[in-house]
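Since the structure comes first, as structure tokens, the remarks are kept for the end.
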Amino acid sequence: MVFLVLLGLLFAGCAFGEQPQWGEAGKTVTFRITCKGNLDPNLVYRVAIDTDGNALTGPSGDPGEWTGLYVLEWRNGTPWLLHPDGTRTYVSAGNFSGQTAEATVNLEDLGNPGQLEVMVAVEDGGGNIIDALRTFFTVRLKYQRFVERSDEEGDAKDPSGDLLRVSVEVSF
Ligand SMILES: [Ca+2]
């Protein structure tokens, strides 16, 4: 009986106000891309997500070299998550309007990594790169809730594909 009461207190303690431990389910990451002009559904907006935990080896700006990584991409304005094994899943929490594309994925769907190396590129329908970040950036998921990178304005001919800003937001 005493044991049950203690057990009850233990669960109550977990339920009310304790910080969740890292690795628990329910954490999400929101990727957000903003371009100079209104987004064009005929373009493909792609985010490479490297989860190997090595900040020295992030994705390059060439999507042709993204084999084996997670890739979040908007095709016809619809977000998909491509998995390293070649399968893909529809991302239900997404938005694609005006200058901004947004999608939220569960950390579990990325294998519960401790950090991400992130790269973004925009392609036309023929796979030609319109714009890309200069270098990948790292998100330390345990310590950083919001990371943002900007990109030069006017370095892409098509304003719809001219990256201005990329952000990653971690939610608990
Ligand atoms: Ca740009």
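We label chains A, B, ... in the order they appear in the structure tokens, count residues from 1 in each chain, and number ligands from 1 in the order shown.
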Determine, counting only C-alpha atoms, which protein, DNA and RNA residues have an atom within 10 Å of an atom of Asp155 (chain A); residues of the same chain fewer than 5 positions away are not included. Present the result as a list in words.
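Once the nearby chain positions are removed, what remains is Ile130, Asp131, Ala132, Gly161, Asp162, Leu163 and Leu164 of chain A.
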Please run DSSP on the backbone and report, as a VMD selection string, all residues within chain A that come out as strand (DSSP E or B).
chain A and resid 28 to 35 44 to 50 70 to 75 78 to 82 88 to 90 94 to 97 100 to 106 115 to 123 129 to 132 137 to 140 146 to 150 163 to 171
Selected residue, from A:Val44, A:Val120, A:Ala101, A:Leu110, that lies nearest to ligand 1 when counting only C-alpha atoms and all ligand atoms:
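Looking at the shortest contact to ligand 1, the residue is A:Val120.
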Counting only C-alpha atoms and all ligand atoms, which residues of chain A fall within 12 Å of ligand 1, and what is the closest atom pair for each with its distance in Å at one decimal, ordered by chain and rising number, as JSON lines?
```
{"residue": "A:Ile33", "atom": "CA", "partner": "ligand 1", "partner_atom_place_in_ligand_line": "1 (Ca)", "distance": 11.1}
{"residue": "A:Thr34", "atom": "CA", "partner": "ligand 1", "partner_atom_place_in_ligand_line": "1 (Ca)", "distance": 9.7}
{"residue": "A:Cys35", "atom": "CA", "partner": "ligand 1", "partner_atom_place_in_ligand_line": "1 (Ca)", "distance": 7.4}
{"residue": "A:Lys36", "atom": "CA", "partner": "ligand 1", "partner_atom_place_in_ligand_line": "1 (Ca)", "distance": 7.7}
{"residue": "A:Gly37", "atom": "CA", "partner": "ligand 1", "partner_atom_place_in_ligand_line": "1 (Ca)", "distance": 10.7}
{"residue": "A:Val120", "atom": "CA", "partner": "ligand 1", "partner_atom_place_in_ligand_line": "1 (Ca)", "distance": 10.8}
{"residue": "A:Ala121", "atom": "CA", "partner": "ligand 1", "partner_atom_place_in_ligand_line": "1 (Ca)", "distance": 9.9}
{"residue": "A:Val122", "atom": "CA", "partner": "ligand 1", "partner_atom_place_in_ligand_line": "1 (Ca)", "distance": 9.8}
{"residue": "A:Ile129", "atom": "CA", "partner": "ligand 1", "partner_atom_place_in_ligand_line": "1 (Ca)", "distance": 11.7}
{"residue": "A:Ile130", "atom": "CA", "partner": "ligand 1", "partner_atom_place_in_ligand_line": "1 (Ca)", "distance": 8.9}
{"residue": "A:Asp131", "atom": "CA", "partner": "ligand 1", "partner_atom_place_in_ligand_line": "1 (Ca)", "distance": 6.0}
{"residue": "A:Ala132", "atom": "CA", "partner": "ligand 1", "partner_atom_place_in_ligand_line": "1 (Ca)", "distance": 7.1}
{"residue": "A:Leu133", "atom": "CA", "partner": "ligand 1", "partner_atom_place_in_ligand_line": "1 (Ca)", "distance": 7.5}
{"residue": "A:Arg134", "atom": "CA", "partner": "ligand 1", "partner_atom_place_in_ligand_line": "1 (Ca)", "distance": 9.4}
{"residue": "A:Arg149", "atom": "CA", "partner": "ligand 1", "partner_atom_place_in_ligand_line": "1 (Ca)", "distance": 11.1}
{"residue": "A:Ser150", "atom": "CA", "partner": "ligand 1", "partner_atom_place_in_ligand_line": "1 (Ca)", "distance": 8.1}
{"residue": "A:Asp151", "atom": "CA", "partner": "ligand 1", "partner_atom_place_in_ligand_line": "1 (Ca)", "distance": 4.8}
{"residue": "A:Glu152", "atom": "CA", "partner": "ligand 1", "partner_atom_place_in_ligand_line": "1 (Ca)", "distance": 4.3}
{"residue": "A:Glu153", "atom": "CA", "partner": "ligand 1", "partner_atom_place_in_ligand_line": "1 (Ca)", "distance": 4.5}
{"residue": "A:Gly154", "atom": "CA", "partner": "ligand 1", "partner_atom_place_in_ligand_line": "1 (Ca)", "distance": 5.8}
{"residue": "A:Asp155", "atom": "CA", "partner": "ligand 1", "partner_atom_place_in_ligand_line": "1 (Ca)", "distance": 4.9}
{"residue": "A:Ala156", "atom": "CA", "partner": "ligand 1", "partner_atom_place_in_ligand_line": "1 (Ca)", "distance": 5.9}
{"residue": "A:Lys157", "atom": "CA", "partner": "ligand 1", "partner_atom_place_in_ligand_line": "1 (Ca)", "distance": 9.3}
{"residue": "A:Asp158", "atom": "CA", "partner": "ligand 1", "partner_atom_place_in_ligand_line": "1 (Ca)", "distance": 9.7}
{"residue": "A:Pro159", "atom": "CA", "partner": "ligand 1", "partner_atom_place_in_ligand_line": "1 (Ca)", "distance": 8.5}
{"residue": "A:Ser160", "atom": "CA", "partner": "ligand 1", "partner_atom_place_in_ligand_line": "1 (Ca)", "distance": 10.0}
{"residue": "A:Gly161", "atom": "CA", "partner": "ligand 1", "partner_atom_place_in_ligand_line": "1 (Ca)", "distance": 7.7}
{"residue": "A:Asp162", "atom": "CA", "partner": "ligand 1", "partner_atom_place_in_ligand_line": "1 (Ca)", "distance": 4.3}
{"residue": "A:Leu163", "atom": "CA", "partner": "ligand 1", "partner_atom_place_in_ligand_line": "1 (Ca)", "distance": 3.9}
{"residue": "A:Leu164", "atom": "CA", "partner": "ligand 1", "partner_atom_place_in_ligand_line": "1 (Ca)", "distance": 5.1}
{"residue": "A:Arg165", "atom": "CA", "partner": "ligand 1", "partner_atom_place_in_ligand_line": "1 (Ca)", "distance": 8.2}
{"residue": "A:Val166", "atom": "CA", "partner": "ligand 1", "partner_atom_place_in_ligand_line": "1 (Ca)", "distance": 10.5}
```
Write the residues of the selection above to a file with N, CA and C atoms, as an mmCIF file, in the first residue's frame.
```
data_model
loop_
_atom_site.group_PDB
_atom_site.id
_atom_site.type_symbol
_atom_site.label_atom_id
_atom_site.label_comp_id
_atom_site.auth_asym_id
_atom_site.auth_seq_id
_atom_site.Cartn_x
_atom_site.Cartn_y
_atom_site.Cartn_z
ATOM 1 N N ILE A 33 11.566 28.567 -44.222
ATOM 2 C CA ILE A 33 12.370 29.170 -45.291
ATOM 3 C C ILE A 33 11.660 30.419 -45.788
ATOM 4 N N THR A 34 12.398 31.520 -45.896
ATOM 5 C CA THR A 34 11.798 32.736 -46.438
ATOM 6 C C THR A 34 12.601 33.199 -47.641
ATOM 7 N N CYS A 35 11.890 33.487 -48.736
ATOM 8 C CA CYS A 35 12.535 33.960 -49.959
ATOM 9 C C CYS A 35 12.174 35.409 -50.235
ATOM 10 N N LYS A 36 12.879 36.005 -51.200
ATOM 11 C CA LYS A 36 12.668 37.414 -51.526
ATOM 12 C C LYS A 36 11.278 37.646 -52.130
ATOM 13 N N GLY A 37 10.882 36.758 -53.042
ATOM 14 C CA GLY A 37 9.576 36.893 -53.686
ATOM 15 C C GLY A 37 8.609 35.845 -53.166
ATOM 16 N N VAL A 120 20.222 24.231 -47.015
ATOM 17 C CA VAL A 120 19.006 24.512 -47.778
ATOM 18 C C VAL A 120 19.378 24.887 -49.206
ATOM 19 N N ALA A 121 18.635 24.343 -50.165
ATOM 20 C CA ALA A 121 18.824 24.694 -51.569
ATOM 21 C C ALA A 121 17.458 24.779 -52.253
ATOM 22 N N VAL A 122 17.376 25.630 -53.252
ATOM 23 C CA VAL A 122 16.160 25.740 -54.056
ATOM 24 C C VAL A 122 16.507 25.318 -55.477
ATOM 25 N N ILE A 129 20.105 24.244 -59.580
ATOM 26 C CA ILE A 129 20.102 24.981 -58.321
ATOM 27 C C ILE A 129 19.932 26.473 -58.587
ATOM 28 N N ILE A 130 18.931 27.061 -57.932
ATOM 29 C CA ILE A 130 18.665 28.482 -58.076
ATOM 30 C C ILE A 130 19.383 29.275 -56.995
ATOM 31 N N ASP A 131 19.348 28.758 -55.776
ATOM 32 C CA ASP A 131 20.043 29.406 -54.664
ATOM 33 C C ASP A 131 20.292 28.353 -53.592
ATOM 34 N N ALA A 132 21.292 28.600 -52.773
ATOM 35 C CA ALA A 132 21.596 27.702 -51.649
ATOM 36 C C ALA A 132 22.335 28.502 -50.590
ATOM 37 N N LEU A 133 22.258 28.053 -49.358
ATOM 38 C CA LEU A 133 23.067 28.682 -48.310
ATOM 39 C C LEU A 133 24.546 28.476 -48.653
ATOM 40 N N ARG A 134 25.391 29.369 -48.162
ATOM 41 C CA ARG A 134 26.831 29.241 -48.432
ATOM 42 C C ARG A 134 27.412 28.009 -47.767
ATOM 43 N N ARG A 149 19.643 31.551 -39.962
ATOM 44 C CA ARG A 149 20.730 31.950 -40.855
ATOM 45 C C ARG A 149 20.141 32.807 -41.962
ATOM 46 N N SER A 150 20.893 33.813 -42.384
ATOM 47 C CA SER A 150 20.417 34.602 -43.523
ATOM 48 C C SER A 150 21.289 34.344 -44.740
ATOM 49 N N ASP A 151 20.743 34.674 -45.891
ATOM 50 C CA ASP A 151 21.446 34.485 -47.158
ATOM 51 C C ASP A 151 21.355 35.794 -47.943
ATOM 52 N N GLU A 152 22.347 36.040 -48.790
ATOM 53 C CA GLU A 152 22.379 37.283 -49.560
ATOM 54 C C GLU A 152 21.111 37.460 -50.379
ATOM 55 N N GLU A 153 20.645 38.692 -50.427
ATOM 56 C CA GLU A 153 19.512 39.025 -51.284
ATOM 57 C C GLU A 153 20.044 39.377 -52.667
ATOM 58 N N GLY A 154 19.370 38.866 -53.713
ATOM 59 C CA GLY A 154 19.750 39.222 -55.074
ATOM 60 C C GLY A 154 20.792 38.313 -55.692
ATOM 61 N N ASP A 155 21.165 37.220 -54.995
ATOM 62 C CA ASP A 155 22.153 36.303 -55.566
ATOM 63 C C ASP A 155 21.501 35.209 -56.407
ATOM 64 N N ALA A 156 20.180 35.270 -56.566
ATOM 65 C CA ALA A 156 19.475 34.342 -57.456
ATOM 66 C C ALA A 156 18.618 35.159 -58.416
ATOM 67 N N LYS A 157 18.550 34.728 -59.672
ATOM 68 C CA LYS A 157 17.809 35.496 -60.675
ATOM 69 C C LYS A 157 16.315 35.519 -60.387
ATOM 70 N N ASP A 158 15.803 34.361 -59.920
ATOM 71 C CA ASP A 158 14.367 34.239 -59.671
ATOM 72 C C ASP A 158 14.068 34.590 -58.212
ATOM 73 N N PRO A 159 13.371 35.705 -57.946
ATOM 74 C CA PRO A 159 13.107 36.109 -56.560
ATOM 75 C C PRO A 159 12.357 35.022 -55.762
ATOM 76 N N SER A 160 11.567 34.205 -56.465
ATOM 77 C CA SER A 160 10.827 33.135 -55.783
ATOM 78 C C SER A 160 11.756 32.071 -55.213
ATOM 79 N N GLY A 161 12.985 32.032 -55.757
ATOM 80 C CA GLY A 161 13.943 31.043 -55.272
ATOM 81 C C GLY A 161 15.126 31.678 -54.565
ATOM 82 N N ASP A 162 15.048 32.998 -54.356
ATOM 83 C CA ASP A 162 16.157 33.717 -53.725
ATOM 84 C C ASP A 162 16.017 33.638 -52.206
ATOM 85 N N LEU A 163 16.795 32.750 -51.601
ATOM 86 C CA LEU A 163 16.737 32.549 -50.154
ATOM 87 C C LEU A 163 17.171 33.806 -49.408
ATOM 88 N N LEU A 164 16.390 34.188 -48.423
ATOM 89 C CA LEU A 164 16.772 35.298 -47.545
ATOM 90 C C LEU A 164 17.077 34.817 -46.141
ATOM 91 N N ARG A 165 16.274 33.828 -45.679
ATOM 92 C CA ARG A 165 16.350 33.427 -44.287
ATOM 93 C C ARG A 165 15.924 31.980 -44.113
ATOM 94 N N VAL A 166 16.617 31.300 -43.227
ATOM 95 C CA VAL A 166 16.251 29.923 -42.871
ATOM 96 C C VAL A 166 16.283 29.820 -41.355
#
```
Where does DSSP see alpha helix (DSSP H) in chain A, if you list the residues as a ChimeraX atom specification?
/A:2-15
Grab the residues selected above and save them as a PDB file, in the first residue's frame with C-alpha atoms.
```
ATOM      1  CA  VAL A   2       2.780   2.401   0.948  1.00  0.00           C
ATOM      2  CA  PHE A   3       4.513   1.373  -2.242  1.00  0.00           C
ATOM      3  CA  LEU A   4       1.443   2.255  -4.305  1.00  0.00           C
ATOM      4  CA  VAL A   5       1.180   5.659  -2.655  1.00  0.00           C
ATOM      5  CA  LEU A   6       4.844   6.325  -3.378  1.00  0.00           C
ATOM      6  CA  LEU A   7       4.336   5.186  -6.941  1.00  0.00           C
ATOM      7  CA  GLY A   8       1.375   7.540  -7.227  1.00  0.00           C
ATOM      8  CA  LEU A   9       3.443  10.445  -5.938  1.00  0.00           C
ATOM      9  CA  LEU A  10       6.175   9.567  -8.403  1.00  0.00           C
ATOM     10  CA  PHE A  11       3.796   9.703 -11.361  1.00  0.00           C
ATOM     11  CA  ALA A  12       2.200  12.907 -10.059  1.00  0.00           C
ATOM     12  CA  GLY A  13       5.680  14.413  -9.848  1.00  0.00           C
ATOM     13  CA  CYS A  14       6.363  13.520 -13.454  1.00  0.00           C
ATOM     14  CA  ALA A  15       3.026  14.808 -14.669  1.00  0.00           C
TER      15      ALA A  15
END
```
Excluding region 67-73 of chain A and its own-chain neighbours fewer than 6 positions away, which residues fall within 10 Å of it when counting only C-alpha atoms? Please give them as a compact mmCIF listing (two decimals) with N, CA and C atoms, in the first residue's frame.
```txt
# COMPACT_ATOMS: atom_id res chain seq x y z
N PHE A 31 11.04 23.75 -39.47
CA PHE A 31 11.95 24.35 -40.45
C PHE A 31 11.18 25.42 -41.21
N VAL A 44 11.37 23.63 -56.26
CA VAL A 44 11.47 22.65 -55.17
C VAL A 44 12.37 23.25 -54.11
N TYR A 45 11.81 23.37 -52.91
CA TYR A 45 12.53 23.95 -51.77
C TYR A 45 12.99 22.79 -50.89
N ARG A 46 14.30 22.66 -50.72
CA ARG A 46 14.83 21.45 -50.08
C ARG A 46 15.75 21.74 -48.90
N VAL A 47 15.56 20.98 -47.84
CA VAL A 47 16.37 21.10 -46.62
C VAL A 47 17.05 19.76 -46.37
N ALA A 48 18.38 19.75 -46.38
CA ALA A 48 19.11 18.53 -46.03
C ALA A 48 19.35 18.52 -44.53
N ILE A 49 19.09 17.37 -43.90
CA ILE A 49 19.22 17.25 -42.45
C ILE A 49 20.16 16.08 -42.15
N ASP A 50 21.37 16.44 -41.71
CA ASP A 50 22.37 15.43 -41.37
C ASP A 50 22.29 15.18 -39.87
N THR A 51 22.13 13.92 -39.46
CA THR A 51 21.95 13.60 -38.04
C THR A 51 23.10 12.75 -37.49
N ASP A 52 24.25 12.76 -38.17
CA ASP A 52 25.35 11.89 -37.71
C ASP A 52 26.08 12.44 -36.49
N GLY A 58 28.90 18.33 -42.58
CA GLY A 58 27.52 18.66 -42.92
C GLY A 58 27.28 18.55 -44.40
N PRO A 59 26.00 18.69 -44.81
CA PRO A 59 25.64 18.58 -46.22
C PRO A 59 26.21 19.74 -47.04
N PRO A 79 4.82 19.56 -48.33
CA PRO A 79 6.04 19.09 -47.66
C PRO A 79 6.13 17.57 -47.54
N TRP A 80 7.30 17.04 -47.84
CA TRP A 80 7.58 15.61 -47.71
C TRP A 80 8.88 15.43 -46.95
N LEU A 81 8.96 14.34 -46.19
CA LEU A 81 10.22 13.99 -45.54
C LEU A 81 10.76 12.74 -46.21
N LEU A 82 11.93 12.91 -46.84
CA LEU A 82 12.62 11.76 -47.47
C LEU A 82 13.56 11.15 -46.44
N HIS A 83 13.47 9.84 -46.27
CA HIS A 83 14.29 9.15 -45.28
C HIS A 83 15.55 8.59 -45.94
N PRO A 84 16.60 8.35 -45.13
CA PRO A 84 17.85 7.83 -45.69
C PRO A 84 17.66 6.51 -46.43
N ASP A 85 16.63 5.73 -46.07
CA ASP A 85 16.42 4.44 -46.74
C ASP A 85 15.68 4.58 -48.07
N GLY A 86 15.38 5.83 -48.48
CA GLY A 86 14.76 6.03 -49.77
C GLY A 86 13.24 6.17 -49.73
N ARG A 88 9.61 7.92 -48.34
CA ARG A 88 9.24 9.28 -48.00
C ARG A 88 7.88 9.30 -47.32
N THR A 89 7.70 10.26 -46.41
CA THR A 89 6.42 10.40 -45.72
C THR A 89 5.92 11.83 -45.87
N TYR A 90 4.60 11.95 -45.97
CA TYR A 90 3.95 13.24 -46.06
C TYR A 90 4.03 13.95 -44.71
N VAL A 91 4.35 15.23 -44.72
CA VAL A 91 4.42 16.00 -43.47
C VAL A 91 3.12 16.80 -43.34
N ALA A 101 7.81 29.12 -46.47
CA ALA A 101 7.43 27.70 -46.38
C ALA A 101 7.83 27.22 -44.99
N ALA A 103 7.45 23.69 -42.15
CA ALA A 103 7.02 22.31 -41.89
C ALA A 103 7.59 21.87 -40.55
N THR A 104 6.79 21.09 -39.84
CA THR A 104 7.19 20.61 -38.52
C THR A 104 7.28 19.09 -38.53
N VAL A 105 8.41 18.57 -38.09
CA VAL A 105 8.58 17.11 -38.02
C VAL A 105 8.89 16.71 -36.58
N ASP A 109 10.95 11.09 -35.83
CA ASP A 109 10.99 10.76 -37.26
C ASP A 109 12.38 10.95 -37.84
N LEU A 110 13.25 11.66 -37.09
CA LEU A 110 14.63 11.86 -37.52
C LEU A 110 15.57 10.96 -36.72
N VAL A 118 22.35 21.39 -41.00
CA VAL A 118 21.26 21.74 -41.91
C VAL A 118 21.78 22.53 -43.11
N MET A 119 21.28 22.19 -44.29
CA MET A 119 21.62 22.92 -45.51
C MET A 119 20.32 23.14 -46.28
N VAL A 120 20.22 24.23 -47.02
CA VAL A 120 19.01 24.51 -47.78
C VAL A 120 19.38 24.89 -49.21
N ALA A 121 18.63 24.34 -50.17
CA ALA A 121 18.82 24.69 -51.57
C ALA A 121 17.46 24.78 -52.25
N VAL A 122 17.38 25.63 -53.25
CA VAL A 122 16.16 25.74 -54.06
C VAL A 122 16.51 25.32 -55.48
```
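Distances from A:Thr135, A:Thr30, A:Thr57, A:Gln115 to Gly94 (chain A) were compared using only C-alpha atoms, and the smallest one belongs to A:Thr30.
In this model, the gap between CA of Lys142 (chain A) and CA of Pro63 (chain A) comes to 27.2 Å.
Distance-wise, CA of Pro113 (chain A) and CA of Glu148 (chain A) end up 19.1 Å apart.
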Point out the residue among A:Gly26, A:Asp40, A:Ser167, A:Glu108 with the least atom-to-atom distance to Thr138 (chain A), counting only C-alpha atoms.
A:Ser167
